[in-house]
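Printed here is entry32.txt (compact mmCIF, C-alpha atoms):
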# COMPACT_ATOMS: atom_id res chain seq x y z
CA MET A 1 51.44 33.49 -93.87
CA TRP A 2 48.83 32.22 -96.32
CA CYS A 3 47.71 35.77 -97.10
CA ARG A 4 51.19 36.61 -98.37
CA CYS A 5 51.24 33.53 -100.63
CA VAL A 6 47.82 34.26 -102.10
CA ALA A 7 48.84 37.83 -102.88
CA LEU A 8 51.59 36.57 -105.22
CA ARG A 9 49.27 34.58 -107.49
CA PRO A 10 48.17 35.97 -110.85
CA LEU A 11 44.90 37.87 -110.56
CA GLN A 12 43.15 35.59 -113.07
CA GLN A 13 44.05 32.46 -111.11
CA LEU A 14 43.01 34.12 -107.86
CA ALA A 15 39.63 35.03 -109.35
CA VAL A 16 38.98 31.42 -110.40
CA THR A 17 40.25 29.69 -107.28
CA SER A 18 39.32 32.07 -104.50
CA LEU A 19 35.77 30.79 -104.10
CA ASN A 20 36.97 27.20 -103.86
CA THR A 21 39.83 27.85 -101.48
CA THR A 22 38.28 30.32 -99.07
CA GLY A 23 36.65 27.63 -96.96
CA LEU A 24 39.79 25.50 -96.89
CA LEU A 25 42.00 28.46 -95.98
CA THR A 26 39.61 29.50 -93.22
CA ARG A 27 39.60 25.99 -91.78
CA ASN A 28 43.40 25.82 -91.95
CA LEU A 29 43.70 29.17 -90.26
CA GLN A 30 41.28 28.14 -87.54
CA ARG A 31 43.21 24.92 -87.01
CA GLU A 32 46.51 26.81 -86.78
CA MET A 33 44.99 29.34 -84.36
CA SER A 34 43.65 26.58 -82.12
CA THR A 35 47.19 25.31 -81.51
CA LEU A 36 48.48 28.69 -80.32
CA PRO A 37 48.88 29.37 -76.58
CA ARG A 38 45.69 30.65 -74.94
CA VAL A 39 45.90 33.95 -73.07
CA TYR A 40 43.41 35.88 -70.98
CA VAL A 41 43.76 39.65 -70.58
CA THR A 42 41.90 40.97 -67.56
CA ARG A 43 41.41 44.53 -68.80
CA GLN A 44 41.15 46.61 -71.94
CA ILE A 45 44.77 47.65 -71.65
CA PRO A 46 46.13 50.68 -73.60
CA PRO A 47 46.33 50.18 -77.37
CA GLU A 48 50.07 49.61 -77.74
CA GLY A 49 49.94 46.40 -75.71
CA LEU A 50 46.87 45.06 -77.49
CA LYS A 51 48.46 45.87 -80.86
CA ILE A 52 51.54 43.82 -79.95
CA LEU A 53 49.43 40.82 -78.96
CA ARG A 54 47.25 41.03 -82.07
CA GLU A 55 50.10 41.45 -84.53
CA SER A 56 52.39 38.86 -82.96
CA GLY A 57 50.48 35.92 -84.41
CA GLN A 58 51.80 33.94 -81.46
CA VAL A 59 48.77 33.73 -79.16
CA GLN A 60 45.03 33.48 -79.19
CA PHE A 61 43.71 35.83 -76.56
CA GLU A 62 40.47 36.91 -74.98
CA LEU A 63 40.04 40.01 -72.87
CA TRP A 64 37.62 41.62 -70.46
CA ASP A 65 36.66 44.45 -72.80
CA SER A 66 36.28 47.28 -70.31
CA ASP A 67 38.56 49.84 -68.75
CA ASP A 68 35.94 51.15 -66.33
CA ILE A 69 34.88 48.02 -64.45
CA PRO A 70 37.27 45.26 -63.31
CA VAL A 71 36.42 41.76 -64.44
CA PRO A 72 34.11 40.17 -61.84
CA ARG A 73 35.89 37.55 -59.77
CA LYS A 74 33.48 34.79 -60.77
CA GLU A 75 34.00 35.60 -64.45
CA LEU A 76 37.76 35.72 -64.01
CA LEU A 77 37.88 32.31 -62.37
CA GLN A 78 35.98 30.88 -65.33
CA LYS A 79 38.03 32.59 -68.02
CA VAL A 80 41.44 31.52 -66.70
CA LYS A 81 40.67 27.81 -66.87
CA GLY A 82 43.29 26.11 -69.01
CA VAL A 83 45.07 29.29 -70.14
CA ASP A 84 48.77 29.28 -70.91
CA GLY A 85 49.25 32.95 -70.10
CA LEU A 86 47.56 35.67 -68.07
CA LEU A 87 48.01 39.41 -68.47
CA CYS A 88 46.55 41.26 -65.50
CA VAL A 89 46.50 44.65 -63.80
CA LEU A 90 46.78 45.49 -60.11
CA THR A 91 43.03 45.16 -59.43
CA GLU A 92 43.17 41.39 -59.85
CA LYS A 93 44.18 39.32 -56.85
CA ILE A 94 46.32 36.46 -58.08
CA ASP A 95 46.04 33.96 -55.25
CA ALA A 96 45.75 30.22 -54.63
CA GLU A 97 42.10 30.18 -55.70
CA LEU A 98 42.86 31.76 -59.07
CA LEU A 99 45.97 29.66 -59.70
CA ASP A 100 44.01 26.49 -58.90
CA ALA A 101 41.27 27.61 -61.30
CA ALA A 102 43.82 28.23 -64.06
CA GLY A 103 45.34 24.80 -63.68
CA PRO A 104 48.69 23.33 -64.73
CA ASN A 105 48.77 24.91 -68.21
CA LEU A 106 49.52 28.37 -66.78
CA LYS A 107 53.15 29.12 -67.60
CA VAL A 108 53.36 32.91 -67.68
CA LEU A 109 51.83 35.69 -65.60
CA SER A 110 52.42 39.27 -66.77
CA THR A 111 51.20 42.18 -64.66
CA MET A 112 50.90 45.72 -66.00
CA SER A 113 52.27 47.25 -62.82
CA VAL A 114 55.52 47.94 -61.01
CA GLY A 115 54.01 46.84 -57.70
CA PHE A 116 53.27 43.18 -57.12
CA ASP A 117 51.46 43.10 -53.77
CA HIS A 118 48.36 41.84 -55.62
CA LEU A 119 50.29 38.67 -56.50
CA SER A 120 50.63 35.90 -53.97
CA LEU A 121 54.35 35.34 -54.40
CA GLU A 122 54.29 32.53 -51.88
CA GLU A 123 51.71 30.60 -53.92
CA LEU A 124 53.55 31.26 -57.16
CA LYS A 125 56.84 30.11 -55.69
CA LYS A 126 55.21 27.01 -54.23
CA ARG A 127 53.92 26.04 -57.64
CA SER A 128 57.30 26.70 -59.20
CA ASP A 129 58.92 24.44 -56.63
CA GLN A 130 56.48 21.69 -57.58
CA ASN A 131 56.99 22.16 -61.31
CA ILE A 132 60.29 22.03 -63.17
CA ILE A 133 59.19 24.89 -65.43
CA GLY A 134 57.12 26.85 -62.91
CA ILE A 135 55.08 30.01 -63.47
CA ARG A 136 57.18 32.92 -64.69
CA VAL A 137 56.18 36.45 -63.69
CA GLY A 138 56.73 39.65 -65.66
CA TYR A 139 56.14 43.18 -64.39
CA THR A 140 56.66 46.76 -65.58
CA PRO A 141 59.20 48.74 -63.54
CA GLU A 142 61.28 51.69 -64.79
CA VAL A 143 58.94 52.77 -67.60
CA LEU A 144 56.79 54.68 -65.10
CA THR A 145 59.61 56.28 -63.09
CA ASP A 146 59.36 59.73 -64.69
CA ALA A 147 55.57 59.89 -64.51
CA VAL A 148 55.46 58.85 -60.84
CA ALA A 149 58.25 61.28 -59.93
CA GLU A 150 56.47 64.16 -61.68
CA LEU A 151 53.18 63.39 -59.95
CA THR A 152 54.89 63.09 -56.57
CA VAL A 153 56.42 66.54 -56.96
CA ALA A 154 53.08 67.95 -58.10
CA LEU A 155 51.31 66.40 -55.10
CA LEU A 156 54.00 67.65 -52.71
CA LEU A 157 53.69 71.22 -53.97
CA THR A 158 49.91 71.06 -54.03
CA THR A 159 49.83 69.88 -50.43
CA SER A 160 52.54 72.09 -49.00
CA ARG A 161 51.28 75.28 -50.67
CA ARG A 162 47.63 74.41 -49.92
CA LEU A 163 46.49 74.74 -53.54
CA ILE A 164 43.28 72.73 -53.16
CA GLU A 165 42.20 74.87 -50.21
CA ALA A 166 43.09 78.03 -52.14
CA THR A 167 41.11 76.95 -55.20
CA HIS A 168 38.10 76.18 -53.01
CA GLU A 169 38.27 79.60 -51.33
CA ALA A 170 38.51 81.35 -54.71
CA LYS A 171 35.48 79.49 -56.03
CA THR A 172 33.25 79.80 -52.97
CA GLY A 173 33.67 83.45 -52.00
CA GLY A 174 36.33 83.06 -49.36
CA TRP A 175 38.72 85.32 -51.28
CA GLY A 176 38.42 88.58 -49.43
CA THR A 177 40.93 91.25 -48.61
CA TRP A 178 44.63 90.41 -48.64
CA ARG A 179 45.73 88.93 -45.32
CA THR A 180 49.27 88.47 -44.02
CA LEU A 181 49.12 84.77 -43.06
CA TRP A 182 46.06 83.53 -44.96
CA LEU A 183 46.69 80.20 -46.74
CA CYS A 184 50.40 80.27 -45.95
CA GLY A 185 52.19 77.00 -46.57
CA HIS A 186 55.67 75.54 -46.42
CA GLU A 187 58.35 75.98 -49.06
CA LEU A 188 61.10 73.69 -50.30
CA ALA A 189 63.96 76.17 -50.19
CA ASN A 190 66.42 75.33 -47.39
CA SER A 191 64.39 72.26 -46.41
CA THR A 192 65.34 68.67 -45.64
CA VAL A 193 63.61 66.11 -47.85
CA GLY A 194 63.40 62.54 -46.60
CA ILE A 195 62.83 59.50 -48.80
CA LEU A 196 61.50 56.27 -47.35
CA GLY A 197 62.68 53.53 -49.73
CA LEU A 198 65.38 54.76 -52.09
CA GLY A 199 65.01 53.31 -55.55
CA ARG A 200 64.75 54.67 -59.08
CA ILE A 201 61.60 56.63 -58.25
CA GLY A 202 63.07 58.12 -55.08
CA VAL A 203 66.14 59.28 -57.00
CA ALA A 204 63.98 60.73 -59.78
CA ILE A 205 61.90 62.66 -57.21
CA ALA A 206 65.02 64.10 -55.60
CA GLU A 207 66.46 65.11 -58.98
CA ARG A 208 63.30 67.10 -59.68
CA LEU A 209 63.24 68.70 -56.24
CA ALA A 210 66.92 69.74 -56.17
CA PRO A 211 66.38 72.90 -58.30
CA PHE A 212 63.98 74.16 -55.60
CA LYS A 213 67.09 74.80 -53.45
CA VAL A 214 66.54 71.86 -51.11
CA LYS A 215 69.25 71.98 -48.43
CA LYS A 216 69.58 68.26 -47.78
CA PHE A 217 68.33 64.85 -48.91
CA ILE A 218 68.18 61.95 -46.46
CA TYR A 219 66.84 58.44 -46.86
CA THR A 220 66.29 55.14 -45.14
CA ASP A 221 66.00 51.66 -46.57
CA LEU A 222 66.62 48.07 -45.54
CA GLU A 223 70.30 48.88 -45.92
CA PRO A 224 72.42 51.76 -47.27
CA ARG A 225 72.30 52.18 -51.06
CA PRO A 226 75.45 54.22 -51.71
CA GLU A 227 75.39 53.95 -55.51
CA LEU A 228 71.90 55.42 -55.80
CA ALA A 229 72.42 57.84 -52.93
CA SER A 230 75.51 59.30 -54.60
CA VAL A 231 73.42 60.43 -57.56
CA ILE A 232 71.46 62.83 -55.34
CA ASN A 233 74.05 63.28 -52.57
CA ALA A 234 71.67 61.76 -50.02
CA GLU A 235 72.61 60.68 -46.51
CA TYR A 236 71.53 57.34 -45.04
CA VAL A 237 69.75 57.67 -41.67
CA SER A 238 67.62 55.50 -39.40
CA LEU A 239 63.83 55.55 -39.68
CA ASP A 240 63.62 57.58 -36.46
CA GLU A 241 66.04 60.18 -37.79
CA LEU A 242 64.19 60.29 -41.09
CA ALA A 243 61.01 61.19 -39.20
CA LYS A 244 62.73 63.75 -36.96
CA GLN A 245 64.70 65.59 -39.64
CA SER A 246 62.37 65.60 -42.66
CA ASP A 247 60.48 68.74 -43.56
CA PHE A 248 59.01 66.74 -46.45
CA LEU A 249 58.80 62.96 -46.25
CA ALA A 250 58.15 61.06 -49.49
CA VAL A 251 57.26 57.37 -49.25
CA CYS A 252 58.59 55.35 -52.20
CA CYS A 253 58.94 51.84 -50.75
CA ALA A 254 57.24 48.66 -51.95
CA LEU A 255 54.50 47.10 -49.86
CA THR A 256 55.93 44.03 -48.15
CA PRO A 257 55.26 42.33 -44.81
CA GLU A 258 58.13 44.44 -43.41
CA THR A 259 56.74 47.76 -44.66
CA LYS A 260 53.05 47.17 -43.96
CA GLU A 261 51.83 50.18 -41.89
CA ILE A 262 55.41 51.28 -41.29
CA CYS A 263 54.07 54.84 -41.36
CA ASN A 264 52.16 54.79 -38.11
CA LYS A 265 51.63 56.67 -34.84
CA ASP A 266 55.22 56.07 -33.79
CA LEU A 267 56.60 57.63 -36.99
CA PHE A 268 54.16 60.56 -37.06
CA SER A 269 54.82 61.38 -33.40
CA LYS A 270 58.50 61.99 -34.20
CA MET A 271 57.82 64.29 -37.16
CA LYS A 272 57.83 68.09 -36.97
CA ASN A 273 54.47 69.83 -36.75
CA THR A 274 55.47 71.67 -39.93
CA SER A 275 56.21 68.47 -41.88
CA ILE A 276 54.48 67.37 -45.07
CA PHE A 277 53.92 63.63 -45.63
CA ILE A 278 53.58 62.30 -49.21
CA ASN A 279 52.73 58.74 -50.28
CA THR A 280 52.72 57.62 -53.91
CA SER A 281 53.79 54.01 -53.24
CA ARG A 282 51.05 51.76 -51.79
CA GLY A 283 48.29 52.62 -49.35
CA GLY A 284 49.12 49.64 -47.15
CA VAL A 285 52.38 51.19 -45.91
CA VAL A 286 50.33 53.72 -43.93
CA ASN A 287 48.12 53.24 -40.89
CA GLN A 288 45.35 55.60 -41.98
CA GLU A 289 43.80 55.88 -38.51
CA ASP A 290 47.13 57.08 -37.15
CA LEU A 291 47.56 59.45 -40.09
CA TYR A 292 44.14 60.96 -39.47
CA GLU A 293 45.03 61.50 -35.82
CA ALA A 294 48.32 63.17 -36.74
CA LEU A 295 46.66 65.49 -39.25
CA SER A 296 43.60 66.38 -37.19
CA THR A 297 45.63 67.19 -34.07
CA GLY A 298 48.30 69.20 -35.88
CA GLN A 299 51.03 66.67 -35.18
CA ILE A 300 52.04 67.12 -38.84
CA ALA A 301 51.10 69.95 -41.17
CA GLY A 302 49.70 68.05 -44.14
CA ALA A 303 49.58 64.89 -46.21
CA GLY A 304 49.26 64.14 -49.90
CA LEU A 305 48.14 60.65 -50.85
CA ASP A 306 47.88 59.05 -54.28
CA VAL A 307 47.22 55.63 -52.76
CA THR A 308 44.87 54.47 -50.01
CA VAL A 309 43.27 51.42 -48.40
CA PRO A 310 40.85 50.55 -49.84
CA GLU A 311 40.82 51.89 -53.37
CA PRO A 312 38.65 53.70 -54.11
CA LEU A 313 38.51 55.29 -50.66
CA PRO A 314 34.84 55.64 -49.56
CA ILE A 315 33.70 59.25 -49.96
CA ASN A 316 32.60 59.33 -46.32
CA HIS A 317 36.07 58.37 -45.06
CA GLN A 318 37.33 60.65 -42.30
CA LEU A 319 40.45 61.64 -44.24
CA PHE A 320 38.24 63.44 -46.76
CA THR A 321 37.00 65.74 -43.99
CA LEU A 322 40.45 67.25 -43.49
CA LYS A 323 41.55 70.39 -45.32
CA ASN A 324 45.20 69.47 -44.86
CA CYS A 325 44.91 66.12 -46.63
CA VAL A 326 45.01 65.96 -50.44
CA ILE A 327 43.83 62.64 -51.87
CA LEU A 328 44.23 61.59 -55.51
CA PRO A 329 42.73 58.47 -57.14
CA HIS A 330 45.97 56.51 -57.77
CA ILE A 331 47.08 58.42 -60.87
CA ALA A 332 50.87 58.59 -60.42
CA SER A 333 51.59 56.71 -63.67
CA ALA A 334 48.64 58.22 -65.53
CA SER A 335 50.24 59.76 -68.58
CA TYR A 336 49.40 58.53 -72.07
CA SER A 337 52.99 57.69 -72.94
CA THR A 338 53.67 55.85 -69.68
CA ARG A 339 50.51 53.75 -69.65
CA ASN A 340 51.11 52.73 -73.29
CA ALA A 341 54.71 51.85 -72.45
CA MET A 342 53.52 49.76 -69.50
CA SER A 343 51.03 47.87 -71.66
CA ALA A 344 53.64 47.25 -74.36
CA LEU A 345 56.13 45.95 -71.80
CA ALA A 346 53.49 43.71 -70.21
CA ALA A 347 52.58 42.28 -73.64
CA ASN A 348 56.21 41.67 -74.60
CA ASN A 349 56.97 40.08 -71.22
CA LEU A 350 54.08 37.70 -71.83
CA LEU A 351 55.17 36.76 -75.35
CA CYS A 352 58.81 36.27 -74.33
CA GLY A 353 57.75 34.07 -71.45
CA LEU A 354 55.53 31.91 -73.63
CA ARG A 355 58.37 31.46 -76.11
CA GLY A 356 60.62 30.34 -73.29
CA GLU A 357 62.89 33.35 -73.73
CA ALA A 358 64.17 35.86 -71.19
CA MET A 359 61.55 38.41 -70.29
CA ILE A 360 62.39 42.09 -70.61
CA LYS A 361 61.48 42.56 -66.93
CA GLU A 362 61.03 39.37 -64.95
CA LEU A 363 60.28 39.11 -61.24
CA LYS A 364 62.48 36.45 -59.72
CA LEU A 365 60.52 34.36 -57.25
Starting from the coordinates I provided, produce the structure as structure tokens.
Amino acid sequence: MWCRCVALRPLQQLAVTSLNTTGLLTRNLQREMSTLPRVYVTRQIPPEGLKILRESGQVQFELWDSDDIPVPRKELLQKVKGVDGLLCVLTEKIDAELLDAAGPNLKVLSTMSVGFDHLSLEELKKRSDQNIIGIRVGYTPEVLTDAVAELTVALLLTTSRRLIEATHEAKTGGWGTWRTLWLCGHELANSTVGILGLGRIGVAIAERLAPFKVKKFIYTDLEPRPELASVINAEYVSLDELAKQSDFLAVCCALTPETKEICNKDLFSKMKNTSIFINTSRGGVVNQEDLYEALSTGQIAGAGLDVTVPEPLPINHQLFTLKNCVILPHIASASYSTRNAMSALAANNLLCGLRGEAMIKELKL
């Protein structure tokens, strides 16, 4: 504000007084800044979010200035002491230890993610119950729906048509004479596509797959979701029927205690040996030992994974030894426009929360 006032003064007056007032203005600015809410940002988030924080004039913030290496836990526990707000990404575990380290000033937590399994909701709710104001939580759903749906379709096609295997053969001399069944895969036309967890992303995936002449969409969830299902003309079935009928099974559910390792030996044993399994949700919904067994024995035809446990998956993990398993490094939302939109939403959620206003996207505890 003071910069605007100074700019209106006559140039002659400014020339005479600037040397005398610079120190005073600096001290005033520092004093004003010191009263602003303190925020810690755990990653060098995409530029749109940082720009919003910088230009808001509403917070003083510090960030872990790296996008390659997560902030070390010890450093994080030090930096959150006394902060009013925290903007994090999914690599940071927000648990009782961190919340205790932050202390009672922490009012707003904003995560740049649609998933929230890295947040201890139980601890956050407990603190809210003990505090009239509580800790408000913002997250970033919807803005990444298109990017995740596109990547899921790309991963499904890559897996089902064995593109990684084919590329390897072309590069390493395996491309010989034309053969009738060499590198044959499975096509979408006349297939049944199953969706485990029907939400915005599941609908967006189905909308993109429909032009491939899919015969039928089926889904399962905690309960029927007729409004969403009607958009893609999908039929609600049990989990067993989903496994039995699906030629392609796309996992889109959140990771919760109920869905942890829901994709296990029991599910895989009911699937067709021509089925393709795709997971772009969270690695924890899959029992990876059971998946390896299903893939290595031919119980199912192939799997495409964008998420694993742990992340990154060790390069010597047994899943990497399988030709019929395509593994990506958690890149479903990795488009420039989506990641910038996520960072902007996370920044605005944080600012709204600190002002005591409704967040754009708030997670109700």
For region 266-274 of chain A: contacts at 7 Å, only C-alpha atoms, fewer than 4 positions along chain excluded, given as a list in words =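 Surrounding residues, per the criterion: Ala243, Lys244, Asp247, Ala294, Gly298, Gln299, Ile300 and Ala301 of chain A.
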When you draw a straight line from CA of Arg282 (chain A) to CA of Glu62 (chain A), how long is it in Å?
->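 These two atoms are separated by 29.5 Å.
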Taking only C-alpha atoms into account, which of A:Leu354, A:Pro72, A:Ala254, A:Pro141 comes nearest His118 (chain A)?
->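 Distance minimum relative to His118 (chain A) lands on A:Ala254.
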Selection near Thr140 (chain A), 10 Å with only C-alpha atoms, sequence-local residues under 5 positions removed, as an MDAnalysis selection string | chainID A and resid 110:116 341:346 349 360:363
Using all atoms listed in the file, which residue out of A:Pro46, A:Gly176, A:Pro329, A:Gly283 lies closest to Val309 (chain A)?
->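 Smallest distance to Val309 (chain A) is found for A:Gly283.
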Between CA of Ser281 (chain A) and CA of Ala347 (chain A), measure the distance and give it in Å to one decimal.
->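 Computing the Euclidean distance for CA of Ser281 (chain A) and CA of Ala347 (chain A) yields 23.6 Å.
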Residue contacts of Lys216 (chain A) (12 Å, all atoms listed in the file) excluding same-chain residues fewer than 2 positions away, as a ChimeraX atom specification = /A:188-195,206,209-214,218-219,229,232-236,242,245-248
Neighbours of Glu357 (chain A) within 12 Å (all atoms listed in the file; same-chain residues fewer than 5 positions away dropped), as a PyMOL selection string?
-> chain A and resi 108+136+138+348-352+362
Find the residues around His330 (chain A) up to 10 Å (all atoms listed in the file counted), leave out those fewer than 3 positions away in its own chain, and share them as a list in words.
-> Thr280, Ser281, Arg282, Gly283, Leu305, Asp306, Val307, Thr308, Glu311, Pro312, Ile327, Ser333 and Ala334 of chain A
May I have the selected residues written with C-alpha atoms, as a PDB file, keeping the file's coordinate frame?
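Resulting contents of out_30.pdb:
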ATOM      1  CA  THR A 280      52.720  57.620 -53.910  1.00  0.00           C
ATOM      2  CA  SER A 281      53.790  54.010 -53.240  1.00  0.00           C
ATOM      3  CA  ARG A 282      51.050  51.760 -51.790  1.00  0.00           C
ATOM      4  CA  GLY A 283      48.290  52.620 -49.350  1.00  0.00           C
ATOM      5  CA  LEU A 305      48.140  60.650 -50.850  1.00  0.00           C
ATOM      6  CA  ASP A 306      47.880  59.050 -54.280  1.00  0.00           C
ATOM      7  CA  VAL A 307      47.220  55.630 -52.760  1.00  0.00           C
ATOM      8  CA  THR A 308      44.870  54.470 -50.010  1.00  0.00           C
ATOM      9  CA  GLU A 311      40.820  51.890 -53.370  1.00  0.00           C
ATOM     10  CA  PRO A 312      38.650  53.700 -54.110  1.00  0.00           C
ATOM     11  CA  ILE A 327      43.830  62.640 -51.870  1.00  0.00           C
ATOM     12  CA  SER A 333      51.590  56.710 -63.670  1.00  0.00           C
ATOM     13  CA  ALA A 334      48.640  58.220 -65.530  1.00  0.00           C
TER      14      ALA A 334
END
Find, counting all atoms listed in the file, the residue in A:Thr256, A:Thr91, A:Asn279, A:Gln78 that gets nearest to Ala149 (chain A).
->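 The closest residue to Ala149 (chain A) is A:Asn279.
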How many Å separate CA of Gly304 (chain A) from CA of Asn324 (chain A)?
-> 8.4 Å
Between A:Val39, A:Ile52, A:Leu63, A:Cys252, which is the closest to Asn105 (chain A) once you count only C-alpha atoms?
->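 Of A:Val39, A:Ile52, A:Leu63, A:Cys252, the one nearest Asn105 (chain A), counting only C-alpha atoms, is A:Val39.
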Nearest to Trp64 (chain A) by atom-to-atom distance, counting only C-alpha atoms, from A:Lys126, A:His186, A:Arg43, A:Lys93 |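 Ranked by minimum distance to Trp64 (chain A), first place goes to A:Arg43.
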For each of A:Val286, A:Leu313, A:Ile276, A:Leu50, take the minimum atom-to-atom distance to Cys253 (chain A), counting only C-alpha atoms, then give the residue where this is smallest.
->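 Among the listed residues, A:Val286 lies closest to Cys253 (chain A).
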